[in-house]
file start00.cif (mmCIF, C-alpha atoms)
data_entry
loop_
_atom_site.group_PDB
_atom_site.id
_atom_site.type_symbol
_atom_site.label_atom_id
_atom_site.label_comp_id
_atom_site.auth_asym_id
_atom_site.auth_seq_id
_atom_site.Cartn_x
_atom_site.Cartn_y
_atom_site.Cartn_z
ATOM 1 C CA MET A 970 -16.994 5.399 3.093
ATOM 2 C CA SER A 971 -13.531 5.250 4.537
ATOM 3 C CA GLY A 972 -11.692 8.349 5.624
ATOM 4 C CA ALA A 973 -8.710 8.136 3.348
ATOM 5 C CA GLU A 974 -11.252 7.101 0.768
ATOM 6 C CA GLN A 975 -13.319 10.217 1.370
ATOM 7 C CA VAL A 976 -10.466 12.724 1.427
ATOM 8 C CA THR A 977 -7.824 13.723 -1.053
ATOM 9 C CA GLY A 978 -4.479 15.431 -1.391
ATOM 10 C CA THR A 979 -0.956 14.673 -0.333
ATOM 11 C CA GLY A 980 2.076 16.792 0.332
ATOM 12 C CA THR A 981 5.804 16.777 0.236
ATOM 13 C CA SER A 982 6.607 16.175 3.907
ATOM 14 C CA TRP A 983 8.170 13.099 5.516
ATOM 15 C CA ALA A 984 4.648 12.001 6.372
ATOM 16 C CA VAL A 985 4.068 11.535 2.645
ATOM 17 C CA ARG A 986 7.463 10.105 1.760
ATOM 18 C CA ALA A 987 7.571 7.539 4.577
ATOM 19 C CA PRO A 988 4.595 5.496 3.269
ATOM 20 C CA GLN A 989 6.131 5.615 -0.197
ATOM 21 C CA LEU A 990 9.395 4.221 1.146
ATOM 22 C CA LEU A 991 7.436 1.532 2.972
ATOM 23 C CA PHE A 992 5.780 0.726 -0.357
ATOM 24 C CA VAL A 993 9.214 0.036 -1.844
ATOM 25 C CA VAL A 994 10.034 -2.210 1.124
ATOM 26 C CA ALA A 995 6.807 -4.132 0.495
ATOM 27 C CA VAL A 996 7.691 -4.642 -3.169
ATOM 28 C CA LEU A 997 11.140 -5.975 -2.249
ATOM 29 C CA ALA A 998 9.780 -8.303 0.446
ATOM 30 C CA VAL A 999 7.009 -9.753 -1.716
ATOM 31 C CA ALA A 1000 9.336 -10.109 -4.706
ATOM 32 C CA THR A 1001 11.777 -12.029 -2.508
ATOM 33 C CA GLY A 1002 8.967 -14.301 -1.356
ATOM 34 C CA LEU A 1003 7.956 -14.853 -4.969
ATOM 35 C CA VAL A 1004 11.475 -15.965 -5.894
ATOM 36 C CA VAL A 1005 11.727 -18.278 -2.876
ATOM 37 C CA HIS A 1006 8.468 -20.046 -3.711
ATOM 38 C CA LEU A 1007 9.279 -20.250 -7.408
ATOM 39 C CA ARG A 1008 12.398 -22.216 -6.492
ATOM 40 C CA HIS A 1009 10.113 -24.886 -5.054
ATOM 41 C CA ALA A 1010 7.402 -24.507 -7.687
ATOM 42 C CA GLY A 1011 7.544 -28.200 -8.502
ATOM 43 C CA GLU A 1012 5.540 -28.704 -5.328
ATOM 44 C CA GLY A 1013 1.929 -27.688 -5.906
ATOM 45 C CA VAL A 1014 1.481 -25.617 -2.776
ATOM 46 C CA ASP A 1015 4.598 -23.523 -3.466
ATOM 47 C CA LEU A 1016 3.406 -22.837 -6.988
ATOM 48 C CA VAL A 1017 0.139 -21.392 -5.677
ATOM 49 C CA ALA A 1018 2.099 -19.445 -3.054
ATOM 50 C CA ALA A 1019 4.181 -17.942 -5.850
ATOM 51 C CA VAL A 1020 1.011 -17.031 -7.755
ATOM 52 C CA LEU A 1021 -0.403 -15.294 -4.674
ATOM 53 C CA ALA A 1022 2.854 -13.373 -4.203
ATOM 54 C CA ALA A 1023 2.711 -12.329 -7.871
ATOM 55 C CA CYS A 1024 -0.898 -11.213 -7.420
ATOM 56 C CA TYR A 1025 0.123 -9.128 -4.411
ATOM 57 C CA LEU A 1026 2.825 -7.444 -6.498
ATOM 58 C CA ALA A 1027 0.228 -6.730 -9.182
ATOM 59 C CA TRP A 1028 -2.031 -5.222 -6.497
ATOM 60 C CA LEU A 1029 0.766 -2.933 -5.353
ATOM 61 C CA ALA A 1030 1.403 -1.928 -8.960
ATOM 62 C CA VAL A 1031 -2.259 -1.060 -9.527
ATOM 63 C CA GLU A 1032 -2.172 1.313 -6.538
ATOM 64 C CA ILE A 1033 1.031 3.111 -7.579
ATOM 65 C CA PRO A 1034 -0.932 6.136 -8.919
ATOM 66 C CA VAL A 1035 -2.597 6.810 -5.560
ATOM 67 C CA THR A 1036 0.435 5.819 -3.487
ATOM 68 C CA PHE A 1037 2.688 8.328 -5.238
ATOM 69 C CA ARG A 1038 0.104 10.993 -6.015
ATOM 70 C CA THR A 1039 1.120 14.448 -4.789
ATOM 71 C CA SER A 1040 -0.604 17.819 -4.547
ATOM 72 C CA GLY A 1041 -0.171 21.148 -2.853
ATOM 73 C CA SER A 1042 -2.145 20.396 0.308
ATOM 74 C CA ALA A 1043 -0.362 18.662 3.181
ATOM 75 C CA PRO A 1044 -2.047 15.830 5.092
ATOM 76 C CA ARG A 1045 -3.743 16.814 8.330
ATOM 77 C CA GLU A 1046 -2.699 13.632 10.130
ATOM 78 C CA SER A 1047 0.002 11.023 9.546
ATOM 79 C CA ALA A 1048 0.447 8.820 12.626
ATOM 80 C CA SER A 1049 -2.441 6.478 11.795
ATOM 81 C CA LEU A 1050 -1.272 6.116 8.181
ATOM 82 C CA LEU A 1051 2.264 5.178 9.206
ATOM 83 C CA PHE A 1052 0.949 2.670 11.766
ATOM 84 C CA TYR A 1053 -1.391 1.197 9.166
ATOM 85 C CA ALA A 1054 1.223 1.070 6.382
ATOM 86 C CA THR A 1055 3.859 -0.483 8.636
ATOM 87 C CA ALA A 1056 1.424 -3.113 9.934
ATOM 88 C CA ARG A 1057 0.365 -3.982 6.382
ATOM 89 C CA ILE A 1058 3.923 -4.424 5.148
ATOM 90 C CA ALA A 1059 4.955 -6.411 8.223
ATOM 91 C CA THR A 1060 1.968 -8.727 7.784
ATOM 92 C CA VAL A 1061 2.522 -9.504 4.123
ATOM 93 C CA SER A 1062 6.295 -9.842 4.615
ATOM 94 C CA ALA A 1063 5.861 -12.330 7.449
ATOM 95 C CA ALA A 1064 3.376 -14.284 5.355
ATOM 96 C CA VAL A 1065 5.260 -14.622 2.067
ATOM 97 C CA LEU A 1066 8.727 -14.991 3.619
ATOM 98 C CA GLY A 1067 7.753 -17.465 6.316
ATOM 99 C CA PRO A 1068 7.684 -21.255 5.917
ATOM 100 C CA LEU A 1069 4.532 -22.852 4.537
ATOM 101 C CA PRO A 1070 2.751 -25.133 7.025
ATOM 102 C CA TRP A 1071 1.339 -27.364 4.287
ATOM 103 C CA ASP A 1072 3.277 -30.424 3.105
ATOM 104 C CA GLU A 1073 1.148 -30.955 0.039
ATOM 105 C CA TRP A 1074 -1.482 -29.270 -2.067
ATOM 106 C CA SER A 1075 -5.156 -29.433 -1.097
ATOM 107 C CA PRO A 1076 -8.147 -27.924 -2.946
ATOM 108 C CA LEU A 1077 -9.169 -26.409 0.411
ATOM 109 C CA LEU A 1078 -6.308 -23.928 -0.012
ATOM 110 C CA LEU A 1079 -8.323 -22.332 -2.797
ATOM 111 C CA VAL A 1080 -10.652 -20.931 -0.105
ATOM 112 C CA PRO A 1081 -8.156 -18.481 1.478
ATOM 113 C CA ALA A 1082 -6.810 -17.703 -1.998
ATOM 114 C CA ALA A 1083 -10.333 -16.761 -3.097
ATOM 115 C CA VAL A 1084 -10.807 -14.607 0.028
ATOM 116 C CA PHE A 1085 -7.585 -12.785 -0.837
ATOM 117 C CA VAL A 1086 -8.683 -12.120 -4.425
ATOM 118 C CA GLY A 1087 -12.159 -11.064 -3.320
ATOM 119 C CA GLY A 1088 -10.714 -8.580 -0.842
ATOM 120 C CA VAL A 1089 -8.468 -7.022 -3.470
ATOM 121 C CA VAL A 1090 -11.378 -6.718 -5.907
ATOM 122 C CA LEU A 1091 -13.576 -5.080 -3.252
ATOM 123 C CA ARG A 1092 -10.863 -2.557 -2.475
ATOM 124 C CA GLN A 1093 -10.298 -1.657 -6.115
ATOM 125 C CA VAL A 1094 -14.014 -1.236 -6.733
ATOM 126 C CA ALA A 1095 -14.243 1.069 -3.706
ATOM 127 C CA ILE A 1096 -11.256 3.160 -4.832
ATOM 128 C CA ARG A 1097 -12.689 3.574 -8.317
ATOM 129 C CA THR A 1098 -16.106 4.452 -6.941
ATOM 130 C CA LEU A 1099 -14.552 7.355 -5.016
ATOM 131 C CA GLY A 1100 -12.440 8.449 -7.975
ATOM 132 C CA ARG A 1101 -10.698 11.758 -7.308
ATOM 133 C CA PHE A 1102 -11.931 11.774 -3.699
ATOM 134 C CA TYR A 1103 -9.716 8.822 -2.827
ATOM 135 C CA SER A 1104 -6.357 9.363 -1.131
ATOM 136 C CA HIS A 1105 -4.123 7.534 1.297
ATOM 137 C CA HIS A 1106 -3.876 10.777 3.301
ATOM 138 C CA VAL A 1107 -6.290 12.596 5.581
ATOM 139 C CA THR A 1108 -6.929 15.843 3.748
ATOM 140 C CA ARG A 1109 -10.050 17.438 2.351
ATOM 141 C CA GLN A 1110 -11.079 19.100 -0.899
ATOM 142 C CA THR A 1111 -13.111 22.286 -0.837
ATOM 143 C CA ASP A 1112 -15.831 20.577 -2.914
ATOM 144 C CA HIS A 1113 -15.722 17.344 -0.969
ATOM 145 C CA GLN A 1114 -18.932 15.323 -0.971
ATOM 146 C CA VAL A 1115 -20.171 12.163 0.663
ATOM 147 C CA VAL A 1116 -20.201 9.138 -1.663
ATOM 148 C CA THR A 1117 -23.154 6.877 -0.922
ATOM 149 C CA TRP A 1118 -23.510 4.822 -4.109
ATOM 150 C CA GLY A 1119 -21.936 1.617 -5.357
ATOM 151 C CA VAL A 1120 -20.332 -0.476 -2.612
ATOM 152 C CA TYR A 1121 -20.762 2.515 -0.285
ATOM 153 C CA ARG A 1122 -24.470 1.701 -0.134
ATOM 154 C CA PHE A 1123 -23.599 -1.229 2.134
ATOM 155 C CA ILE A 1124 -20.724 -0.116 4.389
ATOM 156 C CA ARG A 1125 -18.828 3.100 5.066
ATOM 157 C CA HIS A 1126 -15.325 1.739 4.531
ATOM 158 C CA PRO A 1127 -15.318 -0.869 1.763
ATOM 159 C CA ALA A 1128 -11.688 -0.170 0.778
ATOM 160 C CA TYR A 1129 -10.533 -0.966 4.317
ATOM 161 C CA ALA A 1130 -12.879 -3.962 4.409
ATOM 162 C CA GLY A 1131 -11.219 -5.180 1.219
ATOM 163 C CA MET A 1132 -7.757 -4.528 2.629
ATOM 164 C CA LEU A 1133 -8.487 -6.529 5.778
ATOM 165 C CA SER A 1134 -10.228 -9.356 3.915
ATOM 166 C CA ALA A 1135 -7.345 -9.696 1.457
ATOM 167 C CA HIS A 1136 -4.842 -10.063 4.289
ATOM 168 C CA VAL A 1137 -7.061 -12.516 6.160
ATOM 169 C CA GLY A 1138 -7.033 -14.700 3.045
ATOM 170 C CA LEU A 1139 -3.300 -14.244 2.529
ATOM 171 C CA VAL A 1140 -2.407 -15.081 6.128
ATOM 172 C CA ALA A 1141 -4.812 -18.052 6.159
ATOM 173 C CA PHE A 1142 -2.980 -19.468 3.152
ATOM 174 C CA PHE A 1143 0.591 -18.975 4.398
ATOM 175 C CA LEU A 1144 -0.435 -19.435 8.041
ATOM 176 C CA ASN A 1145 2.698 -18.972 10.112
ATOM 177 C CA PRO A 1146 2.472 -17.732 13.729
ATOM 178 C CA LEU A 1147 4.167 -14.371 13.151
ATOM 179 C CA SER A 1148 1.864 -13.440 10.284
ATOM 180 C CA VAL A 1149 -1.180 -14.300 12.419
ATOM 181 C CA VAL A 1150 0.014 -12.007 15.221
ATOM 182 C CA LEU A 1151 0.749 -9.229 12.743
ATOM 183 C CA LEU A 1152 -2.683 -9.647 11.156
ATOM 184 C CA VAL A 1153 -4.187 -8.785 14.537
ATOM 185 C CA VAL A 1154 -1.940 -5.715 14.649
ATOM 186 C CA LEU A 1155 -3.095 -4.777 11.135
ATOM 187 C CA ALA A 1156 -6.740 -5.064 12.203
ATOM 188 C CA ALA A 1157 -5.993 -2.756 15.147
ATOM 189 C CA ALA A 1158 -4.218 -0.322 12.819
ATOM 190 C CA ILE A 1159 -7.173 -0.246 10.439
ATOM 191 C CA THR A 1160 -9.552 0.357 13.350
ATOM 192 C CA PHE A 1161 -7.367 3.203 14.603
ATOM 193 C CA ARG A 1162 -7.128 4.627 11.076
ATOM 194 C CA ILE A 1163 -10.891 4.561 10.574
ATOM 195 C CA ARG A 1164 -11.606 6.288 13.884
ATOM 196 C CA THR A 1165 -8.972 8.926 13.146
ATOM 197 C CA GLU A 1166 -10.367 9.670 9.692
ATOM 198 C CA GLU A 1167 -13.957 9.775 10.822
ATOM 199 C CA ARG A 1168 -13.207 12.627 13.207
ATOM 200 C CA MET A 1169 -12.611 14.705 10.084
ATOM 201 C CA LEU A 1170 -15.304 13.108 7.973
ATOM 202 C CA LEU A 1171 -17.968 14.068 10.488
ATOM 203 C CA ASN A 1172 -17.322 17.690 9.488
ATOM 204 C CA ILE A 1173 -18.364 16.973 5.893
ATOM 205 C CA PRO A 1174 -22.042 17.852 5.322
ATOM 206 C CA GLY A 1175 -24.142 14.708 5.126
ATOM 207 C CA TYR A 1176 -21.582 12.295 6.531
ATOM 208 C CA ARG A 1177 -23.081 12.140 10.023
ATOM 209 C CA ASP A 1178 -26.467 11.076 8.622
ATOM 210 C CA TYR A 1179 -24.786 8.598 6.287
ATOM 211 C CA ALA A 1180 -22.776 7.124 9.172
ATOM 212 C CA ALA A 1181 -25.897 6.729 11.298
ATOM 213 C CA GLY A 1182 -27.364 4.293 8.785
ATOM 214 C CA HIS A 1183 -24.284 2.359 7.686
ATOM 215 C CA SER A 1184 -21.800 0.119 9.515
ATOM 216 C CA ARG A 1185 -18.080 0.760 9.096
ATOM 217 C CA LEU A 1186 -16.758 -2.633 7.945
ATOM 218 C CA VAL A 1187 -19.287 -5.418 8.604
ATOM 219 C CA PRO A 1188 -23.023 -4.748 8.092
ATOM 220 C CA GLY A 1189 -24.892 -5.016 11.363
ATOM 221 C CA LEU A 1190 -21.732 -5.500 13.462
ATOM 222 C CA TRP A 1191 -19.363 -2.521 13.250
#

call {"tool": "encode", "arguments": {"input": "start00.cif", "output": "structure tokens"}}
result
Amino acid sequence: MSGAEQVTGTGTSWAVRAPQLLFVVAVLAVATGLVVHLRHAGEGVDLVAAVLAACYLAWLAVEIPVTFRTSGSAPRESASLLFYATARIATVSAAVLGPLPWDEWSPLLLVPAAVFVGGVVLRQVAIRTLGRFYSHHVTRQTDHQVVTWGVYRFIRHPAYAGMLSAHVGLVAFFLNPLSVVLLVVLAAAITFRIRTEERMLLNIPGYRDYAAGHSRLVPGLW
């Protein structure tokens, strides 16, 4: 049950607008990568790279409603969100805009592609399970409740698990050194984000007991 997943509300401050501007940067970067790979689509590996870039754009489009959602309550914390959003955009930009390490197509490349798709699906399922309680921002509703069903029966932060898994698959496919380094930064940003959110979540009745019996991202590990 991830923090931004278990809280809701946005605001009108720079802390809200900055992630939205970063979203636009992500769209431009991924779209550029899509065009670059389409130019070499005659080569099998570039065609799949273009498909993955198109899928990433579709993922961004699906999350437009929550990315640009606004309400009267301002977020209680923004530093972790900006770190997380910047790391995400840097990672995907480095991946899709960097050179491909593969000279020719191999069926083995379907493995990281499948990991990417699986991560996106997990994230979307988690977001829809939370419904109106989901937000990119750390705020809280007066009637906030702990969600423990669906994918939340297994881990506390399935949306972040999906986010990280999707980028692991993406980086494993494009596999250039800069994207690998930035993936590590993204993992650190997600860890920081989770710890920041959970400081607020622990104030929600029932969350402490829920947390005691469920790992954050990987069952039995963390």

call {"tool": "closest_residue", "arguments": {"input": "start00.cif", "among": "A:Ser1075, A:Thr1098, A:Ser1047, A:Thr1001", "to": "Phe1142 (chain A)", "atoms": "only C-alpha atoms"}}
result
A:Ser1075

call {"tool": "closest_atom_pairs", "arguments": {"input": "start00.cif", "of": "region 1067-1181 of chain A", "to": "region 1007-1012 of chain A", "cutoff": "9 Å", "atoms": "all atoms listed in the file", "output": "tab-separated table"}}
result
residue	atom	partner	partner_atom	distance
A:Asp1072	CA	A:Glu1012	CA	8.9
A:Glu1073	CA	A:Glu1012	CA	7.3
A:Trp1074	CA	A:Glu1012	CA	7.8

call {"tool": "atom_distance", "arguments": {"input": "start00.cif", "atom1": "CA of Arg1097 (chain A)", "atom2": "CA of Ala1180 (chain A)"}}
result
20.5 Å

call {"tool": "closest_atom_pairs", "arguments": {"input": "start00.cif", "of": "region 1023-1120 of chain A", "to": "region 1145-1149 of chain A", "cutoff": "7 Å", "atoms": "only C-alpha atoms", "output": "CSV"}}
result
residue,atom,partner,partner_atom,distance
A:Thr1060,CA,A:Ser1148,CA,5.3
A:Ala1063,CA,A:Ser1148,CA,5.0
A:Ala1064,CA,A:Ser1148,CA,5.2
A:Gly1067,CA,A:Asn1145,CA,6.5
A:Pro1068,CA,A:Asn1145,CA,6.9
A:Pro1070,CA,A:Asn1145,CA,6.9

call {"tool": "resolve_selection", "arguments": {"input": "start00.cif", "expression": "the PyMOL selection byres ((chain A and resi 1082-1086) around 7)", "output": "MDAnalysis selection string"}}
result
chainID A and resid 1078:1081 1087:1090 1134:1136 1138:1139 1142

call {"tool": "write_last_selection", "arguments": {"input": "start00.cif", "atoms": "C-alpha atoms", "output": "PDB file, in the frame of the given file"}}
result
ATOM      1  CA  LEU A1078      -6.308 -23.928  -0.012  1.00  0.00           C
ATOM      2  CA  LEU A1079      -8.323 -22.332  -2.797  1.00  0.00           C
ATOM      3  CA  VAL A1080     -10.652 -20.931  -0.105  1.00  0.00           C
ATOM      4  CA  PRO A1081      -8.156 -18.481   1.478  1.00  0.00           C
ATOM      5  CA  GLY A1087     -12.159 -11.064  -3.320  1.00  0.00           C
ATOM      6  CA  GLY A1088     -10.714  -8.580  -0.842  1.00  0.00           C
ATOM      7  CA  VAL A1089      -8.468  -7.022  -3.470  1.00  0.00           C
ATOM      8  CA  VAL A1090     -11.378  -6.718  -5.907  1.00  0.00           C
ATOM      9  CA  SER A1134     -10.228  -9.356   3.915  1.00  0.00           C
ATOM     10  CA  ALA A1135      -7.345  -9.696   1.457  1.00  0.00           C
ATOM     11  CA  HIS A1136      -4.842 -10.063   4.289  1.00  0.00           C
ATOM     12  CA  GLY A1138      -7.033 -14.700   3.045  1.00  0.00           C
ATOM     13  CA  LEU A1139      -3.300 -14.244   2.529  1.00  0.00           C
ATOM     14  CA  PHE A1142      -2.980 -19.468   3.152  1.00  0.00           C
TER      15      PHE A1142
END

call {"tool": "residues_around", "arguments": {"input": "start00.cif", "residues": "Ile1173 (chain A)", "least_positions_apart": "4", "cutoff": "9 Å", "atoms": "all atoms listed in the file", "output": "CSV table (one decimal) with C-alpha atoms, in the frame of the given file"}}
result
chain,number,residue,atom,x,y,z
A,1113,HIS,CA,-15.7,17.3,-1.0
A,1114,GLN,CA,-18.9,15.3,-1.0
A,1115,VAL,CA,-20.2,12.2,0.7
A,1169,MET,CA,-12.6,14.7,10.1
A,1177,ARG,CA,-23.1,12.1,10.0

call {"tool": "resolve_selection", "arguments": {"input": "start00.cif", "expression": "the PyMOL selection byres ((chain A and resi 1127) around 7)", "output": "list in words"}}
result
Met970, Ser971, Leu1091, Arg1092, Ala1095, Val1120, Tyr1121, Ile1124, Arg1125, His1126, Ala1128, Tyr1129, Ala1130, Gly1131 and Leu1186 of chain A

call {"tool": "closest_atom_pairs", "arguments": {"input": "start00.cif", "of": "region 1043-1145 of chain A", "to": "region 1153-1166 of chain A", "cutoff": "7 Å", "atoms": "only C-alpha atoms", "output": "JSON lines"}}
result
{"residue": "A:Ser1049", "atom": "CA", "partner": "A:Arg1162", "partner_atom": "CA", "distance": 5.1}
{"residue": "A:Leu1050", "atom": "CA", "partner": "A:Arg1162", "partner_atom": "CA", "distance": 6.7}
{"residue": "A:Phe1052", "atom": "CA", "partner": "A:Ala1158", "partner_atom": "CA", "distance": 6.1}
{"residue": "A:Tyr1053", "atom": "CA", "partner": "A:Ala1158", "partner_atom": "CA", "distance": 4.9}
{"residue": "A:Ala1056", "atom": "CA", "partner": "A:Leu1155", "partner_atom": "CA", "distance": 5.0}
{"residue": "A:Arg1057", "atom": "CA", "partner": "A:Leu1155", "partner_atom": "CA", "distance": 5.9}
{"residue": "A:Val1107", "atom": "CA", "partner": "A:Glu1166", "partner_atom": "CA", "distance": 6.5}
{"residue": "A:Leu1133", "atom": "CA", "partner": "A:Ala1156", "partner_atom": "CA", "distance": 6.8}

call {"tool": "residues_around", "arguments": {"input": "start00.cif", "residues": "Phe1123 (chain A)", "least_positions_apart": "6", "cutoff": "10 Å", "atoms": "only C-alpha atoms", "output": "PyMOL selection string"}}
result
chain A and resi 970+1117+1182-1188

call {"tool": "closest_residue", "arguments": {"input": "start00.cif", "among": "A:Leu1170, A:Val1150, A:Leu1026, A:Val1116", "to": "Val994 (chain A)", "atoms": "only C-alpha atoms"}}
result
A:Leu1026

call {"tool": "residues_around", "arguments": {"input": "start00.cif", "residues": "Ala995 (chain A)", "least_positions_apart": "2", "cutoff": "8 Å", "atoms": "all atoms listed in the file", "output": "ChimeraX atom specification"}}
result
/A:991-993,997-999,1058,1061-1062

call {"tool": "closest_residue", "arguments": {"input": "start00.cif", "among": "A:Leu1029, A:Ala1048, A:Leu1066, A:Ala1141", "to": "Val1005 (chain A)", "atoms": "all atoms listed in the file"}}
result
A:Leu1066

call {"tool": "atom_distance", "arguments": {"input": "start00.cif", "atom1": "CA of Thr1036 (chain A)", "atom2": "CA of Val1094 (chain A)"}}
result
16.4 Å

call {"tool": "residues_around", "arguments": {"input": "start00.cif", "residues": "Pro1034 (chain A)", "least_positions_apart": "2", "cutoff": "12 Å", "atoms": "all atoms listed in the file", "output": "PDB file with C-alpha atoms, keeping the file's coordinate frame"}}
result
ATOM      1  CA  GLN A 989       6.131   5.615  -0.197  1.00  0.00           C
ATOM      2  CA  TRP A1028      -2.031  -5.222  -6.497  1.00  0.00           C
ATOM      3  CA  LEU A1029       0.766  -2.933  -5.353  1.00  0.00           C
ATOM      4  CA  ALA A1030       1.403  -1.928  -8.960  1.00  0.00           C
ATOM      5  CA  VAL A1031      -2.259  -1.060  -9.527  1.00  0.00           C
ATOM      6  CA  GLU A1032      -2.172   1.313  -6.538  1.00  0.00           C
ATOM      7  CA  THR A1036       0.435   5.819  -3.487  1.00  0.00           C
ATOM      8  CA  PHE A1037       2.688   8.328  -5.238  1.00  0.00           C
ATOM      9  CA  ARG A1038       0.104  10.993  -6.015  1.00  0.00           C
ATOM     10  CA  THR A1039       1.120  14.448  -4.789  1.00  0.00           C
ATOM     11  CA  ILE A1096     -11.256   3.160  -4.832  1.00  0.00           C
ATOM     12  CA  GLY A1100     -12.440   8.449  -7.975  1.00  0.00           C
ATOM     13  CA  ARG A1101     -10.698  11.758  -7.308  1.00  0.00           C
ATOM     14  CA  TYR A1103      -9.716   8.822  -2.827  1.00  0.00           C
ATOM     15  CA  SER A1104      -6.357   9.363  -1.131  1.00  0.00           C
ATOM     16  CA  HIS A1105      -4.123   7.534   1.297  1.00  0.00           C
TER      17      HIS A1105
END

call {"tool": "resolve_selection", "arguments": {"input": "start00.cif", "expression": "the PyMOL selection byres ((chain A and resi 1003) around 8)", "output": "PyMOL selection string"}}
result
chain A and resi 999-1002+1004-1007+1018-1020+1022-1023+1065

call {"tool": "atom_distance", "arguments": {"input": "start00.cif", "atom1": "CA of Val1014 (chain A)", "atom2": "CA of Leu1144 (chain A)"}}
result
12.6 Å
